[in-house]
Amino acid sequence: MDLAFLDFVRGPLLKFALIVFFFGIAYRVVRVIMWGVPKNRAKPKGNPAVSALKTPFLKPFREITFKDVISKRAIQYIGGFTFHITFLLLVFFIPQHSFLWTEVLGIKLPYFSSTISNILAYGALLSVLALWLNRFTSPVLRLLTGANEHIANFLITLTILSGIVATQWVGGGTYITALGIHMLFADLLIIYIPFSRLAHFIDYFFSTGFYGRSIGILGVRE
Amino acid sequence: MESIYDLLKKKGYSRRDFLKLSAALTAALSLSPEMVPKVAHALETKPKPVVIWLEYQDCAGCSESFIRSTNILPTEVLLDVIDLEYHETLMAPAGEFAEASKEEAMKKYKGQYILVVEGSIPTGNPGYCTVAGKTALDQLKEAAEGAAAIMAVGSCASWSGIPGANPNPTGAVSVQEALPDKQVINVPGCPPIGDVIVAVIAEYLILGKIPKLDEMGRPISYYGQTIHDRCYRRPFYNSGQFAKSFDDEGAKNGHCLYKMGCKGPVTRNACSTIRWNGGLSFPIQSGHPCFGCAEPDFWDRGHIYTPLSVVSSGIGGKEIGTAIAVGAAAGAAVKWITNIGKKGGA
């Protein structure tokens, strides 16, 4: 029975999830692009195009000072960087995922050993838990947090945790059940991404690019 | 009736050989070392087990595997120590004589014999596997009635196997499906390991009860772990070293076969511990990925040579391209409709 469940979640459900994901992302991107940009007849004081292209990559590092990071937003910065880097590497560069993306995208990706994969997995798990907890303890974040963030954190946490449980904590037939649960949460997460704020992995480039264009028009120095 | 010890003595085996066999059996049955005297005592005193072996939709590969059991009992003794009263492929009598022999054995050893079934049971047409006017299902029910224990040997008997694969033209069912009111010991595999078949029979003889089974009727001693758990190539899996084809450097160096489609991580069997042909080898050791023959529906599952983590039914550029195109078109359409709405409202 556990194998039949695994067959379902890594077969029809995974295929459905990937199709929904690409459909949803394409829909979202087109909607954002078709919003367009407001007309501005004034001559730009800076270079909007260059600013729009470089801002997405510079913004995360802007205004980082030791005092700011440690005293005010340590969890956000350290946890945020740790989570985004480790989760991205996990998604694409552990062997099992690399083989999947090779099939889906047709691009051969390199992959890590299980030791590095484990370090990444624990790093991602601990950082997402820290970030989630921070949403409860920080008064500002608490106001900004809604069901969307909780659902996203819930799915991400359980996907990573079940992956760790499957590959590290259980053996024998239990592995098959744990792997099935991991795949189920991964499928749900893939489906959820385009319809949630997790789509910021695409939206981020548009929003920060738009912001970069705006400050480029105004000639603001970065 | 003679015990196994009596038979071994007749064959010229010494007391030391007998005790060695007892110790080997104790280990094979996953019993503690203190059980060796009990096992020896059982082999000395209990009459050899009577086995009636029925074959339905099968290839006789399980019988081949059974008679090549080597680890637990030497091949030449195997057919003597187990009182194989009926086996269509191996027995000397044929036709009416064979059927008479079966009837006689079933009457004589009623409530004592172990019924071993190889192959799936056809239910789609009463003509399939009918012998002397009796359908396969009727023959099985009749034999199961007087059996002390019922074993389904092989994936066909355990899960309906290849005969039951889509579109299942014969209406093949497993032994458990054919006998829903009976406890069936499933010993799956295509074929199962011969030593495991013998060990399960021996365990019943020695302990007088069927082995501890999982929720799918498999003895936990042999099917409690996956092949991947004890695979000698596991360190390569852990270090991310995979063979990418059957003849690349990785394959020559014995790297993990996961990328070649190995289903060892999701297949419960003892191939990587007991192995085959006297512990000589098993498929992965011979360079071929496990394709999960001991698990249900392995044939329908297919994708023998694709990694376990990829979409089993396959997904490629065409499906993804279509999804992106439809998503983009939907986005543009919604924007267009919204604009019309705004203009209309204005």
# chains A, B, ... in the order shown; residues from 1 in each chain; ligands from 1
>>> interface_residues(of="chain B", to="chain A", cutoff="7 Å", atoms="only C-alpha atoms", output="PyMOL selection string")
chain B and resi 224-226+229+238-240+266+268+309-313+315-316+320+323-324+326-328+330-332+335
>>> write_last_selection(atoms="N, CA and C atoms", output="PDB file, in the first residue's frame")
ATOM      1  N   GLY B 224      11.638  -7.327   5.858  1.00  0.00           N
ATOM      2  CA  GLY B 224      11.497  -6.186   6.763  1.00  0.00           C
ATOM      3  C   GLY B 224      12.362  -5.004   6.356  1.00  0.00           C
ATOM      4  N   GLN B 225      13.336  -5.257   5.499  1.00  0.00           N
ATOM      5  CA  GLN B 225      14.238  -4.181   5.078  1.00  0.00           C
ATOM      6  C   GLN B 225      14.263  -4.081   3.564  1.00  0.00           C
ATOM      7  N   THR B 226      14.677  -2.930   3.099  1.00  0.00           N
ATOM      8  CA  THR B 226      14.785  -2.790   1.645  1.00  0.00           C
ATOM      9  C   THR B 226      16.165  -3.284   1.191  1.00  0.00           C
ATOM     10  N   ASP B 229      18.863  -0.843   1.952  1.00  0.00           N
ATOM     11  CA  ASP B 229      19.356  -0.752   3.326  1.00  0.00           C
ATOM     12  C   ASP B 229      20.673  -1.487   3.511  1.00  0.00           C
ATOM     13  N   ASN B 238      25.685   7.209  -0.944  1.00  0.00           N
ATOM     14  CA  ASN B 238      25.869   8.270   0.050  1.00  0.00           C
ATOM     15  C   ASN B 238      26.849   9.336  -0.425  1.00  0.00           C
ATOM     16  N   SER B 239      27.866   8.909  -1.172  1.00  0.00           N
ATOM     17  CA  SER B 239      28.878   9.891  -1.593  1.00  0.00           C
ATOM     18  C   SER B 239      28.524  10.520  -2.938  1.00  0.00           C
ATOM     19  N   GLY B 240      27.343  10.192  -3.467  1.00  0.00           N
ATOM     20  CA  GLY B 240      26.894  10.812  -4.719  1.00  0.00           C
ATOM     21  C   GLY B 240      27.654  10.315  -5.934  1.00  0.00           C
ATOM     22  N   VAL B 266      13.092   1.022  -2.705  1.00  0.00           N
ATOM     23  CA  VAL B 266      11.678   0.801  -2.394  1.00  0.00           C
ATOM     24  C   VAL B 266      11.287  -0.674  -2.560  1.00  0.00           C
ATOM     25  N   ARG B 268      11.411  -4.402  -0.773  1.00  0.00           N
ATOM     26  CA  ARG B 268      11.705  -5.181   0.418  1.00  0.00           C
ATOM     27  C   ARG B 268      12.026  -6.618   0.032  1.00  0.00           C
ATOM     28  N   SER B 309      13.472   8.950  -8.670  1.00  0.00           N
ATOM     29  CA  SER B 309      12.982  10.281  -8.300  1.00  0.00           C
ATOM     30  C   SER B 309      12.339  11.036  -9.459  1.00  0.00           C
ATOM     31  N   VAL B 310      12.381  10.499 -10.668  1.00  0.00           N
ATOM     32  CA  VAL B 310      11.772  11.243 -11.778  1.00  0.00           C
ATOM     33  C   VAL B 310      10.292  10.884 -11.901  1.00  0.00           C
ATOM     34  N   VAL B 311       9.559  11.684 -12.643  1.00  0.00           N
ATOM     35  CA  VAL B 311       8.123  11.420 -12.814  1.00  0.00           C
ATOM     36  C   VAL B 311       7.971  10.068 -13.490  1.00  0.00           C
ATOM     37  N   SER B 312       7.269   9.150 -12.803  1.00  0.00           N
ATOM     38  CA  SER B 312       7.242   7.776 -13.303  1.00  0.00           C
ATOM     39  C   SER B 312       6.596   7.667 -14.677  1.00  0.00           C
ATOM     40  N   SER B 313       5.594   8.501 -14.933  1.00  0.00           N
ATOM     41  CA  SER B 313       4.923   8.413 -16.229  1.00  0.00           C
ATOM     42  C   SER B 313       5.623   9.272 -17.282  1.00  0.00           C
ATOM     43  N   ILE B 315       7.686  13.176 -18.098  1.00  0.00           N
ATOM     44  CA  ILE B 315       7.241  14.545 -18.407  1.00  0.00           C
ATOM     45  C   ILE B 315       8.360  15.192 -19.202  1.00  0.00           C
ATOM     46  N   GLY B 316       8.019  15.945 -20.192  1.00  0.00           N
ATOM     47  CA  GLY B 316       9.066  16.537 -21.018  1.00  0.00           C
ATOM     48  C   GLY B 316       8.691  17.905 -21.518  1.00  0.00           C
ATOM     49  N   ILE B 320       5.434  20.618 -20.656  1.00  0.00           N
ATOM     50  CA  ILE B 320       5.776  21.856 -19.952  1.00  0.00           C
ATOM     51  C   ILE B 320       5.536  23.060 -20.868  1.00  0.00           C
ATOM     52  N   ALA B 323       1.901  23.771 -20.968  1.00  0.00           N
ATOM     53  CA  ALA B 323       1.438  24.396 -19.720  1.00  0.00           C
ATOM     54  C   ALA B 323       1.806  25.876 -19.706  1.00  0.00           C
ATOM     55  N   ILE B 324       3.042  26.193 -20.136  1.00  0.00           N
ATOM     56  CA  ILE B 324       3.488  27.596 -20.143  1.00  0.00           C
ATOM     57  C   ILE B 324       2.672  28.408 -21.161  1.00  0.00           C
ATOM     58  N   VAL B 326      -0.357  27.791 -22.342  1.00  0.00           N
ATOM     59  CA  VAL B 326      -1.752  27.956 -21.893  1.00  0.00           C
ATOM     60  C   VAL B 326      -1.820  28.967 -20.752  1.00  0.00           C
ATOM     61  N   GLY B 327      -0.838  28.887 -19.831  1.00  0.00           N
ATOM     62  CA  GLY B 327      -0.792  29.828 -18.705  1.00  0.00           C
ATOM     63  C   GLY B 327      -0.629  31.254 -19.198  1.00  0.00           C
ATOM     64  N   ALA B 328       0.275  31.455 -20.165  1.00  0.00           N
ATOM     65  CA  ALA B 328       0.520  32.799 -20.712  1.00  0.00           C
ATOM     66  C   ALA B 328      -0.743  33.307 -21.427  1.00  0.00           C
ATOM     67  N   ALA B 330      -3.783  32.415 -20.847  1.00  0.00           N
ATOM     68  CA  ALA B 330      -4.809  32.694 -19.827  1.00  0.00           C
ATOM     69  C   ALA B 330      -4.552  34.045 -19.192  1.00  0.00           C
ATOM     70  N   GLY B 331      -3.272  34.331 -18.901  1.00  0.00           N
ATOM     71  CA  GLY B 331      -2.901  35.610 -18.301  1.00  0.00           C
ATOM     72  C   GLY B 331      -3.299  36.765 -19.210  1.00  0.00           C
ATOM     73  N   ALA B 332      -2.978  36.623 -20.497  1.00  0.00           N
ATOM     74  CA  ALA B 332      -3.293  37.674 -21.463  1.00  0.00           C
ATOM     75  C   ALA B 332      -4.805  37.831 -21.614  1.00  0.00           C
ATOM     76  N   LYS B 335      -6.299  39.624 -18.618  1.00  0.00           N
ATOM     77  CA  LYS B 335      -5.974  41.059 -18.719  1.00  0.00           C
ATOM     78  C   LYS B 335      -6.884  41.748 -19.746  1.00  0.00           C
TER      79      LYS B 335
END
>>> residues_around(residues="His255 (chain B)", least_positions_apart="5", cutoff="8 Å", atoms="only C-alpha atoms", output="compact mmCIF listing (two decimals) with N, CA and C atoms, in the first residue's frame")
# COMPACT_ATOMS: atom_id res chain seq x y z
N ARG B 233 26.63 -1.38 -2.37
CA ARG B 233 26.95 -0.16 -3.13
C ARG B 233 26.44 1.10 -2.43
N PHE B 236 28.49 4.34 -2.16
CA PHE B 236 28.57 5.16 -3.38
C PHE B 236 27.33 6.05 -3.50
N TYR B 237 26.20 5.51 -3.10
CA TYR B 237 24.97 6.32 -3.08
C TYR B 237 25.17 7.51 -2.14
N GLN B 241 28.09 9.06 -5.90
CA GLN B 241 28.80 8.51 -7.06
C GLN B 241 27.88 7.50 -7.74
N PHE B 242 27.45 7.84 -8.95
CA PHE B 242 26.47 7.03 -9.66
C PHE B 242 27.00 6.60 -11.02
N ALA B 243 26.70 5.36 -11.40
CA ALA B 243 26.98 4.92 -12.78
C ALA B 243 25.97 5.62 -13.67
N GLY B 250 32.02 4.66 -13.97
CA GLY B 250 31.28 4.45 -12.73
C GLY B 250 30.79 3.01 -12.60
>>> residues_around(residues="Ile121 (chain B)", least_positions_apart="4", cutoff="10 Å", atoms="only C-alpha atoms", output="number ranges by chain")
B: 55-58, 117, 128-129, 135-137, 140, 156-157, 160, 163-164, 170-175, 177-178
>>> write_last_selection(atoms="C-alpha atoms", output="PDB file, in the first residue's frame")
ATOM      1  CA  GLU B  55       1.323 -24.424  -9.880  1.00  0.00           C
ATOM      2  CA  TYR B  56      -1.002 -22.184 -11.793  1.00  0.00           C
ATOM      3  CA  GLN B  57      -0.098 -19.260 -14.034  1.00  0.00           C
ATOM      4  CA  ASP B  58       3.674 -19.273 -13.613  1.00  0.00           C
ATOM      5  CA  VAL B 117       1.224 -22.168  -4.352  1.00  0.00           C
ATOM      6  CA  TYR B 128      -7.843 -21.648 -17.737  1.00  0.00           C
ATOM      7  CA  CYS B 129      -5.686 -24.081 -15.713  1.00  0.00           C
ATOM      8  CA  THR B 135     -11.048 -25.042 -12.108  1.00  0.00           C
ATOM      9  CA  ALA B 136      -7.884 -23.570 -10.655  1.00  0.00           C
ATOM     10  CA  LEU B 137      -9.889 -21.784  -7.974  1.00  0.00           C
ATOM     11  CA  LEU B 140      -6.884 -24.264  -4.651  1.00  0.00           C
ATOM     12  CA  CYS B 156       2.564 -14.134  -9.231  1.00  0.00           C
ATOM     13  CA  ALA B 157       1.115 -16.052  -6.292  1.00  0.00           C
ATOM     14  CA  SER B 160      -0.844 -11.859  -9.217  1.00  0.00           C
ATOM     15  CA  PRO B 163      -0.167 -12.622 -15.449  1.00  0.00           C
ATOM     16  CA  GLY B 164      -2.102 -10.000 -13.501  1.00  0.00           C
ATOM     17  CA  THR B 170      -6.956 -14.110 -17.510  1.00  0.00           C
ATOM     18  CA  GLY B 171      -8.474 -12.308 -14.531  1.00  0.00           C
ATOM     19  CA  ALA B 172      -5.462 -13.380 -12.474  1.00  0.00           C
ATOM     20  CA  VAL B 173      -5.665 -12.949  -8.704  1.00  0.00           C
ATOM     21  CA  SER B 174      -3.229 -13.627  -5.880  1.00  0.00           C
ATOM     22  CA  VAL B 175      -3.612 -16.553  -3.498  1.00  0.00           C
ATOM     23  CA  GLU B 177      -7.409 -12.742  -3.001  1.00  0.00           C
ATOM     24  CA  ALA B 178      -8.536 -16.246  -3.930  1.00  0.00           C
TER      25      ALA B 178
END
>>> select_by_dssp(residues="region 58-159 of chain B", states="strand (DSSP E)", output="PyMOL selection string")
chain B and resi 83-87+114-118+121-122+149-153
>>> write_last_selection(atoms="N, CA and C atoms", output="PDB file, in the first residue's frame")
ATOM      1  N   ASP B  83       9.122 -33.411   2.596  1.00  0.00           N
ATOM      2  CA  ASP B  83       8.346 -34.481   1.979  1.00  0.00           C
ATOM      3  C   ASP B  83       7.437 -33.869   0.917  1.00  0.00           C
ATOM      4  N   LEU B  84       7.989 -33.719  -0.281  1.00  0.00           N
ATOM      5  CA  LEU B  84       7.265 -33.067  -1.362  1.00  0.00           C
ATOM      6  C   LEU B  84       6.320 -34.082  -2.002  1.00  0.00           C
ATOM      7  N   GLU B  85       5.101 -34.089  -1.502  1.00  0.00           N
ATOM      8  CA  GLU B  85       4.142 -35.113  -1.915  1.00  0.00           C
ATOM      9  C   GLU B  85       3.586 -34.864  -3.312  1.00  0.00           C
ATOM     10  N   TYR B  86       3.526 -33.586  -3.668  1.00  0.00           N
ATOM     11  CA  TYR B  86       2.935 -33.289  -4.977  1.00  0.00           C
ATOM     12  C   TYR B  86       3.584 -32.047  -5.554  1.00  0.00           C
ATOM     13  N   HIS B  87       4.118 -32.170  -6.738  1.00  0.00           N
ATOM     14  CA  HIS B  87       4.670 -31.023  -7.455  1.00  0.00           C
ATOM     15  C   HIS B  87       4.658 -31.375  -8.934  1.00  0.00           C
ATOM     16  N   ILE B 114       1.871 -28.467   4.411  1.00  0.00           N
ATOM     17  CA  ILE B 114       2.065 -27.064   4.024  1.00  0.00           C
ATOM     18  C   ILE B 114       1.704 -26.963   2.547  1.00  0.00           C
ATOM     19  N   LEU B 115       0.782 -26.076   2.239  1.00  0.00           N
ATOM     20  CA  LEU B 115       0.384 -25.878   0.846  1.00  0.00           C
ATOM     21  C   LEU B 115       1.199 -24.722   0.270  1.00  0.00           C
ATOM     22  N   VAL B 116       1.981 -25.050  -0.743  1.00  0.00           N
ATOM     23  CA  VAL B 116       2.758 -24.006  -1.415  1.00  0.00           C
ATOM     24  C   VAL B 116       2.115 -23.754  -2.775  1.00  0.00           C
ATOM     25  N   VAL B 117       1.845 -22.505  -3.068  1.00  0.00           N
ATOM     26  CA  VAL B 117       1.224 -22.168  -4.352  1.00  0.00           C
ATOM     27  C   VAL B 117       2.174 -21.279  -5.148  1.00  0.00           C
ATOM     28  N   GLU B 118       2.382 -21.687  -6.379  1.00  0.00           N
ATOM     29  CA  GLU B 118       3.236 -20.914  -7.285  1.00  0.00           C
ATOM     30  C   GLU B 118       2.366 -20.478  -8.464  1.00  0.00           C
ATOM     31  N   ILE B 121      -3.827 -17.126  -9.806  1.00  0.00           N
ATOM     32  CA  ILE B 121      -5.019 -17.951 -10.031  1.00  0.00           C
ATOM     33  C   ILE B 121      -5.887 -17.281 -11.093  1.00  0.00           C
ATOM     34  N   PRO B 122      -6.148 -17.956 -12.225  1.00  0.00           N
ATOM     35  CA  PRO B 122      -7.000 -17.339 -13.243  1.00  0.00           C
ATOM     36  C   PRO B 122      -8.471 -17.448 -12.855  1.00  0.00           C
ATOM     37  N   ALA B 149      -0.690 -24.748   6.818  1.00  0.00           N
ATOM     38  CA  ALA B 149      -0.207 -23.394   6.485  1.00  0.00           C
ATOM     39  C   ALA B 149      -0.214 -23.251   4.970  1.00  0.00           C
ATOM     40  N   ILE B 150      -0.416 -22.017   4.516  1.00  0.00           N
ATOM     41  CA  ILE B 150      -0.459 -21.765   3.062  1.00  0.00           C
ATOM     42  C   ILE B 150       0.606 -20.731   2.718  1.00  0.00           C
ATOM     43  N   MET B 151       1.436 -21.109   1.765  1.00  0.00           N
ATOM     44  CA  MET B 151       2.481 -20.177   1.309  1.00  0.00           C
ATOM     45  C   MET B 151       2.246 -19.813  -0.146  1.00  0.00           C
ATOM     46  N   ALA B 152       2.278 -18.517  -0.434  1.00  0.00           N
ATOM     47  CA  ALA B 152       2.240 -18.065  -1.828  1.00  0.00           C
ATOM     48  C   ALA B 152       3.677 -17.759  -2.214  1.00  0.00           C
ATOM     49  N   VAL B 153       4.216 -18.545  -3.110  1.00  0.00           N
ATOM     50  CA  VAL B 153       5.623 -18.403  -3.471  1.00  0.00           C
ATOM     51  C   VAL B 153       5.753 -17.657  -4.805  1.00  0.00           C
TER      52      VAL B 153
END
>>> atom_distance(atom1="CA of Ile340 (chain B)", atom2="CA of Lys39 (chain A)")
21.0 Å
>>> atom_distance(atom1="CA of Phe81 (chain A)", atom2="CA of Phe205 (chain A)")
16.6 Å
>>> residues_around(residues="region 154-160 of chain A", least_positions_apart="2", cutoff="7 Å", atoms="only C-alpha atoms", output="VMD selection string")
chain A and resid 121 125 128 150 to 152 162 to 164 182 185 to 186 189
